[in-house]
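Text of structure-v3.txt, listed as compact mmCIF, C-alpha atoms:
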```
# COMPACT_ATOMS: atom_id res chain seq x y z
CA VAL A 1 -10.81 219.54 85.69
CA PRO A 2 -11.04 215.85 86.49
CA ASP A 3 -14.22 214.66 88.06
CA GLU A 4 -13.37 213.84 91.66
CA ASN A 5 -15.61 210.82 91.41
CA GLU A 6 -13.84 209.50 88.37
CA VAL A 7 -12.00 206.32 89.16
CA ASN A 8 -8.29 206.85 88.84
CA MET A 9 -6.49 203.96 87.14
CA SER A 10 -3.20 204.93 88.75
CA ARG A 11 -4.76 204.64 92.17
CA ILE A 12 -6.01 201.16 91.33
CA ALA A 13 -2.61 200.21 89.97
CA ARG A 14 -0.85 201.43 93.11
CA GLU A 15 -3.13 199.27 95.20
CA LEU A 16 -2.45 196.23 93.06
CA GLN A 17 1.29 196.89 92.97
CA LYS A 18 1.63 196.32 96.67
CA PRO A 19 4.11 193.54 97.23
CA VAL A 20 3.13 189.95 97.70
CA ARG A 21 5.45 187.72 99.64
CA LEU A 22 5.61 183.97 99.49
CA ASP A 23 7.41 182.19 102.29
CA SER A 24 10.40 179.94 101.90
CA SER A 25 8.23 176.82 101.90
CA PHE A 26 7.35 177.75 98.33
CA ASP A 27 11.04 177.64 97.39
CA SER A 28 11.35 174.25 99.04
CA ARG A 29 8.40 172.88 97.12
CA VAL A 30 9.81 174.12 93.81
CA MET A 31 13.26 172.78 94.56
CA GLY A 32 11.77 169.47 95.65
CA ALA A 33 9.98 169.18 92.33
CA VAL A 34 13.06 170.24 90.40
CA ARG A 35 15.32 167.72 92.14
CA LYS A 36 13.05 164.94 90.94
CA LEU A 37 13.73 165.94 87.35
CA PRO A 38 16.83 164.76 85.52
CA LYS A 39 19.85 166.97 86.01
CA HIS A 40 20.93 169.06 83.11
CA SER A 41 24.12 168.03 81.46
CA ARG A 42 25.55 169.46 78.30
CA PHE A 43 26.06 166.04 76.78
CA GLY A 44 23.56 164.02 78.73
CA LEU A 45 20.45 162.23 77.66
CA TRP A 46 18.26 165.00 79.04
CA SER A 47 19.91 167.59 76.80
CA ARG A 48 19.62 165.34 73.79
CA LEU A 49 15.94 164.78 74.47
CA THR A 50 15.15 168.44 74.97
CA THR A 51 17.29 169.95 72.24
CA PRO A 52 15.60 170.47 68.88
CA ARG A 53 16.88 168.15 66.23
CA SER A 54 17.68 169.12 62.69
CA VAL A 55 15.60 167.57 59.94
CA MET A 56 17.02 168.11 56.51
CA VAL A 57 14.47 168.48 53.76
CA SER A 58 15.77 167.57 50.35
CA PRO A 59 14.06 168.42 47.05
CA LEU A 60 13.16 164.76 46.69
CA SER A 61 11.27 164.85 49.95
CA TRP A 62 9.21 167.85 48.92
CA GLY A 63 7.01 165.60 46.87
CA LEU A 64 6.55 163.30 49.84
CA ALA A 65 5.78 166.26 52.05
CA ALA A 66 3.24 167.55 49.57
CA ALA A 67 1.64 164.11 49.44
CA ALA A 68 1.51 164.04 53.23
CA VAL A 69 -0.17 167.43 53.22
CA ALA A 70 -2.83 166.16 50.86
CA VAL A 71 -3.45 163.08 52.99
CA PHE A 72 -3.64 165.06 56.20
CA ALA A 73 -5.85 167.66 54.59
CA VAL A 74 -8.38 165.01 53.63
CA MET A 75 -8.14 163.24 56.99
CA GLY A 76 -8.43 166.47 58.86
CA THR A 77 -11.47 167.60 56.96
CA VAL A 78 -13.20 164.26 57.44
CA ASN A 79 -12.28 163.64 61.06
CA LEU A 80 -12.56 167.09 62.46
CA ALA A 81 -15.50 168.51 60.53
CA GLY A 82 -17.81 170.53 62.68
CA ASP A 83 -15.12 171.56 65.04
CA VAL A 84 -12.32 173.97 64.46
CA SER A 85 -10.38 171.44 62.53
CA ARG A 86 -6.94 172.15 61.42
CA THR A 87 -4.59 170.71 58.95
CA ALA A 88 -1.36 172.19 57.93
CA ALA A 89 2.13 171.45 56.95
CA PRO A 90 4.98 173.62 55.88
CA LEU A 91 5.99 173.30 52.29
CA PHE A 92 9.53 174.18 51.56
CA SER A 93 10.75 175.87 48.49
CA SER A 94 14.21 176.76 47.51
CA SER A 95 15.67 180.20 47.30
CA ALA A 96 19.09 181.72 47.35
CA LYS A 97 21.46 180.28 49.90
CA ALA A 98 21.25 181.89 53.38
CA GLN A 99 18.07 183.70 52.46
CA PRO A 100 14.89 183.15 54.45
CA GLN A 101 12.84 180.41 52.89
CA ARG A 102 9.28 180.86 51.75
CA VAL A 103 7.16 178.52 53.85
CA GLN A 104 3.50 177.82 53.24
CA PHE A 105 1.36 177.33 56.32
CA VAL A 106 -2.06 175.78 55.85
CA LEU A 107 -4.85 175.38 58.35
CA VAL A 108 -8.34 174.00 57.94
CA ALA A 109 -10.57 176.00 60.24
CA PRO A 110 -14.11 176.26 58.84
CA ASP A 111 -15.43 178.40 61.68
CA ALA A 112 -12.52 180.80 61.88
CA LYS A 113 -12.86 184.45 61.02
CA LYS A 114 -9.15 185.14 61.21
CA VAL A 115 -6.05 182.98 61.20
CA ALA A 116 -2.49 184.07 61.77
CA VAL A 117 0.82 182.31 62.20
CA VAL A 118 2.97 183.17 65.17
CA GLY A 119 6.42 181.89 65.93
CA ASP A 120 9.82 182.82 67.16
CA PHE A 121 10.52 184.09 63.62
CA ASN A 122 7.98 186.92 63.98
CA GLY A 123 8.23 187.62 67.68
CA TRP A 124 5.01 185.65 68.33
CA ASP A 125 3.16 188.63 66.97
CA ALA A 126 -0.30 187.63 65.80
CA SER A 127 -0.78 191.01 64.16
CA HIS A 128 2.30 190.74 61.92
CA ALA A 129 1.04 191.63 58.44
CA ALA A 130 3.18 189.09 56.58
CA TYR A 131 1.80 186.15 58.56
CA GLN A 132 -1.93 186.72 58.20
CA ALA A 133 -3.52 183.72 56.48
CA GLN A 134 -6.08 184.22 53.75
CA HIS A 135 -9.23 182.18 53.44
CA ARG A 136 -8.94 180.08 50.27
CA GLY A 137 -12.43 178.64 50.45
CA GLY A 138 -13.80 175.54 52.09
CA GLY A 139 -12.43 176.50 55.46
CA VAL A 140 -8.86 176.34 54.20
CA TRP A 141 -6.58 179.15 55.31
CA SER A 142 -3.06 179.60 54.08
CA VAL A 143 -0.19 182.02 53.99
CA THR A 144 3.23 181.80 52.45
CA ALA A 145 5.73 183.77 54.45
CA PRO A 146 9.49 184.04 54.90
CA VAL A 147 11.11 182.02 57.66
CA PRO A 148 14.83 182.29 58.38
CA LEU A 149 17.02 179.23 58.22
CA GLY A 150 17.21 177.21 61.40
CA HIS A 151 15.04 175.67 64.06
CA HIS A 152 11.79 177.39 64.87
CA ARG A 153 8.66 176.94 66.93
CA TYR A 154 5.34 178.22 65.76
CA SER A 155 1.63 177.96 66.19
CA PHE A 156 -1.59 179.16 64.63
CA VAL A 157 -3.73 181.80 66.30
CA VAL A 158 -7.40 181.65 65.39
CA ASP A 159 -9.60 184.70 65.92
CA ASP A 160 -6.89 186.39 67.98
CA SER A 161 -7.45 184.07 70.89
CA LEU A 162 -7.24 180.36 70.19
CA TRP A 163 -3.73 178.96 69.89
CA MET A 164 -3.35 175.66 68.14
CA PRO A 165 -0.33 173.71 66.99
CA ASP A 166 0.02 172.46 63.46
CA PRO A 167 -1.24 168.86 63.58
CA THR A 168 0.78 167.80 60.58
CA ALA A 169 4.08 169.15 61.82
CA PRO A 170 6.24 167.72 64.60
CA ARG A 171 5.44 169.04 68.03
CA ALA A 172 8.01 171.10 69.79
CA THR A 173 9.45 169.06 72.61
CA ASP A 174 7.60 171.03 75.23
CA ASN A 175 4.41 172.91 75.76
CA ASP A 176 5.87 175.27 78.28
CA PHE A 177 3.91 178.22 77.09
CA GLY A 178 0.62 176.66 78.05
CA VAL A 179 -0.12 175.43 74.58
CA ALA A 180 1.78 173.00 72.46
CA ASN A 181 3.82 174.49 69.67
CA SER A 182 4.93 172.98 66.41
CA ALA A 183 8.51 172.58 65.36
CA ILE A 184 9.97 173.44 62.01
CA VAL A 185 13.47 173.28 60.64
CA VAL A 186 14.23 175.39 57.63
CA SER A 187 17.43 174.58 55.85
CA ASN A 188 19.14 175.39 52.59
CA GLN A 189 18.68 173.01 49.74
CA GLU A 190 21.41 172.25 47.30
CA VAL B 1 25.79 182.80 84.76
CA ILE B 2 23.14 181.20 86.96
CA VAL B 3 21.37 179.64 84.01
CA ALA B 4 24.68 178.33 82.69
CA ARG B 5 25.50 176.76 86.05
CA VAL B 6 22.13 175.01 86.21
CA LEU B 7 22.67 173.74 82.69
CA ARG B 8 26.00 172.30 83.79
CA GLY B 9 24.16 170.25 86.37
CA ASP B 10 24.20 172.48 89.46
CA VAL B 11 20.55 172.03 90.40
CA GLU B 12 20.72 173.88 93.71
CA VAL B 13 21.63 177.17 92.02
CA PHE B 14 18.15 177.19 90.51
CA ARG B 15 16.94 178.32 93.94
CA VAL B 16 18.51 181.72 93.26
CA LEU B 17 16.19 182.17 90.29
CA VAL B 18 13.21 181.05 92.35
CA GLU B 19 13.98 183.59 95.07
CA ARG B 20 14.58 186.35 92.56
CA TYR B 21 11.31 186.06 90.64
CA ARG B 22 9.00 184.39 93.16
CA ASP B 23 7.28 187.35 94.76
CA ARG B 24 6.83 189.58 91.72
CA TYR B 25 5.37 186.82 89.62
CA ALA B 26 3.27 185.52 92.50
CA ARG B 27 1.60 188.93 92.57
CA TYR B 28 0.64 188.65 88.91
CA ALA B 29 -0.65 185.09 89.34
CA ILE B 30 -2.72 185.98 92.39
CA HIS B 31 -4.34 188.92 90.61
CA MET B 32 -4.91 186.83 87.52
CA LEU B 33 -6.31 183.72 89.18
CA GLY B 34 -7.93 185.37 92.17
CA ASN B 35 -6.55 183.19 94.92
CA ARG B 36 -3.22 182.31 96.41
CA GLU B 37 -3.57 178.54 96.19
CA ASP B 38 -4.03 178.44 92.43
CA ALA B 39 -1.43 181.15 91.98
CA GLU B 40 1.23 179.20 93.87
CA GLU B 41 0.41 176.10 91.87
CA ALA B 42 0.68 177.98 88.57
CA LEU B 43 3.95 179.58 89.63
CA GLN B 44 5.45 176.32 90.83
CA ASP B 45 4.42 174.72 87.56
CA ALA B 46 6.04 177.58 85.63
CA PHE B 47 9.31 177.19 87.53
CA THR B 48 9.50 173.43 87.00
CA ARG B 49 8.67 173.79 83.31
CA ALA B 50 11.30 176.48 83.01
CA TYR B 51 13.85 174.18 84.62
CA ARG B 52 12.96 171.32 82.31
CA SER B 53 13.25 173.50 79.22
CA LEU B 54 16.16 175.61 80.34
CA ALA B 55 18.36 174.39 77.52
CA ARG B 56 16.02 176.14 75.12
CA CYS B 57 16.05 179.49 76.87
CA GLU B 58 17.55 181.30 73.91
CA ASP B 59 18.61 184.38 75.85
CA PRO B 60 19.61 183.51 79.43
CA GLU B 61 19.96 187.24 80.16
CA ARG B 62 16.21 187.49 79.73
CA PHE B 63 15.34 184.43 81.78
CA GLY B 64 12.85 186.50 83.78
CA ALA B 65 10.85 187.50 80.72
CA TRP B 66 10.96 183.94 79.44
CA LEU B 67 9.70 182.63 82.78
CA PHE B 68 6.99 185.27 82.86
CA ARG B 69 5.75 184.17 79.49
CA ILE B 70 5.50 180.59 80.72
CA LEU B 71 3.60 181.80 83.79
CA ILE B 72 1.17 183.89 81.73
CA ASN B 73 0.27 180.82 79.75
CA ARG B 74 0.00 178.63 82.83
CA CYS B 75 -2.43 181.16 84.27
CA ARG B 76 -4.45 181.11 81.07
CA THR B 77 -4.60 177.34 81.09
CA MET B 78 -5.41 177.07 84.77
CA GLY B 79 -7.97 179.85 84.61
CA ALA B 80 -9.72 178.23 81.68
CA ARG B 81 -9.68 174.80 83.30
CA ARG B 82 -10.89 175.68 86.74
CA GLY B 83 -12.71 178.93 86.49
CA ARG B 84 -12.03 181.34 89.26
CA ARG B 85 -12.38 180.19 92.80
CA ALA B 86 -13.48 182.49 95.53
CA ARG B 87 -11.10 185.40 95.60
CA THR B 88 -8.98 185.62 98.68
CA PHE B 89 -7.77 189.07 99.38
CA VAL B 90 -4.13 189.85 99.81
CA VAL B 91 -3.63 192.88 101.94
CA ASP B 92 -0.21 194.07 102.99
CA GLU B 93 -0.78 195.26 106.53
CA GLY B 94 2.53 197.11 106.70
CA ALA B 95 1.77 199.14 103.61
CA LEU B 96 -1.66 199.93 104.98
CA LEU B 97 -0.24 201.36 108.15
CA GLU B 98 2.39 203.40 106.35
CA ALA B 99 -0.11 205.03 104.05
CA ALA B 100 -2.49 206.30 106.68
CA VAL B 101 -4.23 208.77 104.41
CA GLU B 102 -7.50 207.05 105.00
CA HIS B 103 -8.71 204.88 107.77
CA PRO B 104 -7.22 201.40 107.29
CA ALA B 105 -10.67 199.88 107.32
CA ASP B 106 -11.70 202.12 104.42
CA ARG B 107 -8.58 201.18 102.52
CA GLY B 108 -9.23 197.51 103.09
CA ALA B 109 -12.75 197.90 101.77
CA TRP B 110 -11.46 199.80 98.73
CA ARG B 111 -9.01 196.99 98.03
CA GLU B 112 -11.77 194.45 98.28
CA GLU B 113 -13.80 196.39 95.75
CA ILE B 114 -10.84 196.51 93.37
CA ASP B 115 -10.36 192.76 93.67
CA ARG B 116 -14.04 192.19 93.12
CA ALA B 117 -14.06 194.40 90.03
CA LEU B 118 -10.94 192.71 88.70
CA ASP B 119 -12.65 189.40 89.18
CA ARG B 120 -15.49 190.54 86.94
CA LEU B 121 -13.30 191.42 83.98
CA ARG B 122 -12.98 188.99 81.12
CA PRO B 123 -9.72 187.03 81.54
CA GLU B 124 -8.07 188.52 78.46
CA GLN B 125 -8.97 192.03 79.63
CA ARG B 126 -7.71 191.32 83.14
CA GLU B 127 -4.47 189.96 81.72
CA ALA B 128 -3.91 193.02 79.52
CA PHE B 129 -4.78 195.44 82.33
CA LEU B 130 -2.43 193.79 84.79
CA LEU B 131 0.45 193.72 82.35
CA LYS B 132 -0.03 197.36 81.40
CA TYR B 133 -0.93 199.05 84.68
CA VAL B 134 0.44 196.78 87.38
CA GLU B 135 3.50 195.32 85.70
CA GLU B 136 3.95 198.58 83.77
CA LEU B 137 5.03 196.93 80.55
CA GLY B 138 5.04 198.57 77.15
CA TYR B 139 2.75 197.26 74.46
CA ASP B 140 5.59 195.76 72.44
CA GLU B 141 6.77 193.73 75.41
CA MET B 142 3.19 192.75 76.21
CA SER B 143 2.79 191.54 72.65
CA ARG B 144 5.95 189.45 72.86
CA LEU B 145 4.79 187.91 76.12
CA THR B 146 1.22 187.18 75.14
CA GLY B 147 1.43 186.55 71.41
CA VAL B 148 -1.38 189.05 70.94
CA GLY B 149 -1.05 192.00 68.59
CA VAL B 150 -0.51 195.50 69.92
CA SER B 151 -3.79 196.90 68.60
CA ALA B 152 -5.77 194.05 70.17
CA LEU B 153 -3.96 194.60 73.46
CA LYS B 154 -4.73 198.31 73.43
CA MET B 155 -8.37 197.53 72.86
CA ARG B 156 -8.38 195.06 75.76
CA VAL B 157 -6.74 197.55 78.11
CA MET B 158 -9.18 200.27 77.11
CA ARG B 159 -12.16 198.01 77.69
CA ALA B 160 -10.76 196.81 80.99
CA CYS B 161 -10.34 200.42 82.16
CA ASP B 162 -13.86 201.32 81.05
CA ARG B 163 -15.28 198.33 82.89
CA LEU B 164 -13.28 199.02 86.05
CA ARG B 165 -14.40 202.66 86.04
CA GLU B 166 -17.97 201.55 85.63
CA LEU B 167 -17.80 198.98 88.43
CA LEU B 168 -15.83 201.11 90.88
CA SER B 169 -17.60 204.39 90.30
CA GLU B 170 -20.77 202.70 91.51
CA VAL B 171 -18.93 201.89 94.72
CA GLN B 172 -17.48 205.36 95.11
CA SER B 173 -20.79 207.11 94.61
CA ALA B 174 -22.62 204.69 96.93
```

For the structure just supplied, provide its representation as C-alpha cells.
Amino acid sequence: VPDENEVNMSRIARELQKPVRLDSSFDSRVMGAVRKLPKHSRFGLWSRLTTPRSVMVSPLSWGLAAAAVAVFAVMGTVNLAGDVSRTAAPLFSSSAKAQPQRVQFVLVAPDAKKVAVVGDFNGWDASHAAYQAQHRGGGVWSVTAPVPLGHHRYSFVVDDSLWMPDPTAPRATDNDFGVANSAIVVSNQE
Amino acid sequence: VIVARVLRGDVEVFRVLVERYRDRYARYAIHMLGNREDAEEALQDAFTRAYRSLARCEDPERFGAWLFRILINRCRTMGARRGRRARTFVVDEGALLEAAVEHPADRGAWREEIDRALDRLRPEQREAFLLKYVEELGYDEMSRLTGVGVSALKMRVMRACDRLRELLSEVQSA
C-alpha cells in the first residue's frame, strides 16, 4: 500500500507537462534572425562553407600525421599542464577496402578519471565499450577503435561530463551542440 | 519536404518548423533554465543554429530530435554561463480551472513547490529527470540526445527522484 504522503513522480510530471505557449512575436524574432543569415543554396557559397570537406590521407602522410601528433603531444603537455590538457590526433591505418578503419584517439588529461570518445559513429554514446580510452600513464589516454569510412564528427568526454574537442584535429564547421566537435574523414587507402 | 525547401533557399518556410516545435521545446527550456527570458533566448539560438547547419541535418525526417539536441546543449551552455536566475513560474490558468480537484490556490502553491524543488536539483539531474518524466523519452533516445550513457542517465534520474521526494515530502507533511 503506497504511503499517501509519498511524493508521486507521475503527479509531478503531469504538472510539468502542462503546455507552455509562446506568442507569435517569438516566431518573428527567430525569422528576423534567420533572414539575416545567408540563404541556403545547393551550390552556393554557404553550402560549400558548411559542408564537410573530404581530406584524403595517403600512406605517405601517415608519417607526417604521426610527427604532428608527437609535436602536439609535447606542446600540449607543456602548455596545458595543470589543467585538463588534451592532445590527440587520429592515426589512420589501412585495412581491407570498405571495412571500418582502426583509428587511434589520444588525449592528454592528467586529472581525468575516465575518458571516452563519442561521435556520430557510435551514436554519441559515452558508455560504448569499444570507445573507452585506457590510461597509458603520464596523463595520456588512448583508444583504438573502428570508425566507418566517411566524414564524422566526434569529441572526447571526460569523467562522463566534460565534452572537449580534439585540439589536434580540424574542428567541425559548427558547434551547434553547445560544444565544438572535431572533424575526421576516414577513407580507404590504396 | 520542409527542410528540403529551406535548403533550396525558401527561407520563409522555416517558420513552419518554428511553429511546430516552439511550444514543446520552450517548455523544456523553461524548466531547465528556470525562467522564460533565458529559455526564449536559448530556443531562439537553437533555431538559428539549426537553420545555419541545416545542410548537415543527416536525417531531415528527424529534424525535431536534431533540434532538440541542439537546444539541450544550448541550455547546458547557458545554464553553466549564467547560473539560474530567479525562477518565474509558468502556470496555465486554463488547465488549473479545468482540473478543479483542489482549490486553484493550493494547486498554484504545489506548482511553486515543484518549481522550487526542480531548481534545487543539480543541472545534470534536472536534465535527466525532465527528459525521462516530462518529455517521456526512453533511455536510448535520451542517450542519443545527451551523449551520456544509459547507466549514468538511470543513476541521474534515480537521484533526481530521490531528491524531489525528499524536498517535496517536507512540503506535503508541513

Leaving out segment 146-152 of chain B and any residue of its chain fewer than 6 positions from it, which residues lie within 12 Å of it when counting all atoms listed in the file, given as number ranges by chain? A: 116-120, 122-129, 131-132, 154-163, 177-179; B: 65-66, 68-76, 124-125, 127-128, 131-132, 137-140, 158-159

Have a look at atom CA of Leu43 of chain B and atom CA of Gly64 of chain B and let me know their distance in Å, one decimal.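 Atom CA of Gly64 of chain B lies 12.7 Å from atom CA of Leu43 of chain B.
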
Find the residues in chain B near chain A: any atom within 8 Å counts, using all atoms listed in the file. Write them as number ranges by chain. B: 6-12, 14-15, 18-19, 22-24, 26-27, 31, 40, 44, 46-53, 55-56, 69-74, 76-77, 90, 92, 95, 111, 114, 133-135, 143-144, 146-151, 161, 165, 168-169, 172-173

May I ask for the distance between atom CA of Val16 of chain B and atom CA of Ala29 of chain B, given in Å to one decimal place?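 Pair atom CA of Val16 of chain B / atom CA of Ala29 of chain B returns 19.8 Å.
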
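Note that atom CA of Gln101 of chain A and atom CA of Gly150 of chain A are 10.1 Å apart.
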